[in-house]
Amino acid sequence: MKPNKLCGYLSLCLVLSGFYGAAAHALATDAEQPITIDSNTATYDDKAAVSIYTGDVVSVQGSIKVNSDKLVVHFVDGDAEKLVFTGNPARFKQTPSPGKEDIIGDALIGEYYPKKNLLILKNNATVKQGNGTYASDYIEYDINTSLVKAGDKSTDSKRVRVTLQPKAKK
């Protein structure tokens with residue numbers, strides 16, 4: 001890789017690393033924040049336009065934080081197009097707006113699409129939002145709207161479990 005190109009990709013990785021470690025911001029500003037990635041190892045494949053991070057990976061973008069064992073970032077024209085994280089389980093957290101309760105979740109596999117503000121959790125996925133818990137093998141979370149969709153429409157054999165807790169009495 002040419003030194004100028006390497007510097008550009010290292011700069012991009014530094015910007016991406018800000019995605020997960022920045023202080024919490026309101027949901028509306030998350031997409032405007034850089035992505036920060038901290039890990040034990042990092043590898044960039046210029047031909048495949050893929051970065052691979054392993055070992056205690058922490059990714060942050062605004063109020064969105066993901067902890068995983070491995071993160072693979074797919075680039076298109078130099079932009080992070082898709083981030084795939086795996087763990088046992090991988091975990092995410094987001095503050096939807098100041099003063100609101102965090103949205104938390106986990107899964108064995110997660111995919112984050114920064115341009116769409118879409119998070120997809122697969123395999124033993126769980127999302128907790130307010131007094132509700134959503135569990136399924138497939139959960140989509142729209143970061144812009146805090147909308148959770150669970151279940152696989154292509155099959156009736158996989159179920160969704162939702163648990164609604166009563167509000168605590170004052």
# chains A, B, ... in the order shown; residues from 1 in each chain; ligands from 1

$ closest_atom_pairs --of "region 7-124 of chain A" --to "region 133-139 of chain A" --cutoff "7 Å" --atoms "only C-alpha atoms" --output "JSON lines"
{"residue": "A:Ile120", "atom": "CA", "partner": "A:Ile139", "partner_atom": "CA", "distance": 5.7}
{"residue": "A:Leu121", "atom": "CA", "partner": "A:Ile139", "partner_atom": "CA", "distance": 5.1}
{"residue": "A:Lys122", "atom": "CA", "partner": "A:Tyr138", "partner_atom": "CA", "distance": 4.7}
{"residue": "A:Asn123", "atom": "CA", "partner": "A:Asp137", "partner_atom": "CA", "distance": 4.4}
{"residue": "A:Asn124", "atom": "CA", "partner": "A:Asp137", "partner_atom": "CA", "distance": 5.0}

$ closest_atom_pairs --of "region 125-152 of chain A" --to "region 29-52 of chain A" --cutoff "12 Å" --atoms "only C-alpha atoms" --output "JSON lines"
{"residue": "A:Asp142", "atom": "CA", "partner": "A:Ala31", "partner_atom": "CA", "distance": 11.9}
{"residue": "A:Ile143", "atom": "CA", "partner": "A:Asp30", "partner_atom": "CA", "distance": 8.7}
{"residue": "A:Asn144", "atom": "CA", "partner": "A:Ala31", "partner_atom": "CA", "distance": 8.6}

$ residues_around --residues "Gln94 (chain A)" --least-positions-apart "6" --cutoff "7 Å" --atoms "only C-alpha atoms" --output "ChimeraX atom specification"
/A:63-65,102-104

$ write_last_selection --atoms "N, CA, C and O atoms" --output "PDB file, in the first residue's frame"
ATOM      1  N   SER A  63     -23.722   8.262  20.759  1.00  0.00           N
ATOM      2  CA  SER A  63     -24.197   7.526  21.940  1.00  0.00           C
ATOM      3  C   SER A  63     -24.281   6.022  21.701  1.00  0.00           C
ATOM      4  O   SER A  63     -24.677   5.279  22.583  1.00  0.00           O
ATOM      5  N   ILE A  64     -23.902   5.562  20.515  1.00  0.00           N
ATOM      6  CA  ILE A  64     -23.972   4.136  20.174  1.00  0.00           C
ATOM      7  C   ILE A  64     -22.639   3.484  20.522  1.00  0.00           C
ATOM      8  O   ILE A  64     -21.583   3.936  20.090  1.00  0.00           O
ATOM      9  N   LYS A  65     -22.697   2.427  21.316  1.00  0.00           N
ATOM     10  CA  LYS A  65     -21.486   1.708  21.700  1.00  0.00           C
ATOM     11  C   LYS A  65     -21.689   0.224  21.455  1.00  0.00           C
ATOM     12  O   LYS A  65     -22.714  -0.331  21.831  1.00  0.00           O
ATOM     13  N   ASP A 102     -31.364   4.105  28.293  1.00  0.00           N
ATOM     14  CA  ASP A 102     -30.597   3.509  27.200  1.00  0.00           C
ATOM     15  C   ASP A 102     -31.333   2.326  26.594  1.00  0.00           C
ATOM     16  O   ASP A 102     -32.054   1.601  27.282  1.00  0.00           O
ATOM     17  N   ILE A 103     -31.115   2.124  25.309  1.00  0.00           N
ATOM     18  CA  ILE A 103     -31.581   0.935  24.604  1.00  0.00           C
ATOM     19  C   ILE A 103     -30.374   0.006  24.557  1.00  0.00           C
ATOM     20  O   ILE A 103     -29.283   0.419  24.143  1.00  0.00           O
ATOM     21  N   ILE A 104     -30.527  -1.233  25.022  1.00  0.00           N
ATOM     22  CA  ILE A 104     -29.411  -2.169  25.047  1.00  0.00           C
ATOM     23  C   ILE A 104     -29.806  -3.452  24.325  1.00  0.00           C
ATOM     24  O   ILE A 104     -30.982  -3.791  24.239  1.00  0.00           O
TER      25      ILE A 104
END

$ select_by_dssp --residues "chain A" --states "helix (DSSP H, G or I)" --output "list in words"
Pro3, Asn4, Lys5, Leu6, Cys7, Gly8, Tyr9, Leu10, Ser11, Leu12, Cys13, Leu14, Val15, Leu16, Ser17, Gly18, Phe19, Tyr20, Gly21, Leu27, Ala28, Thr29 and Asp30 of chain A
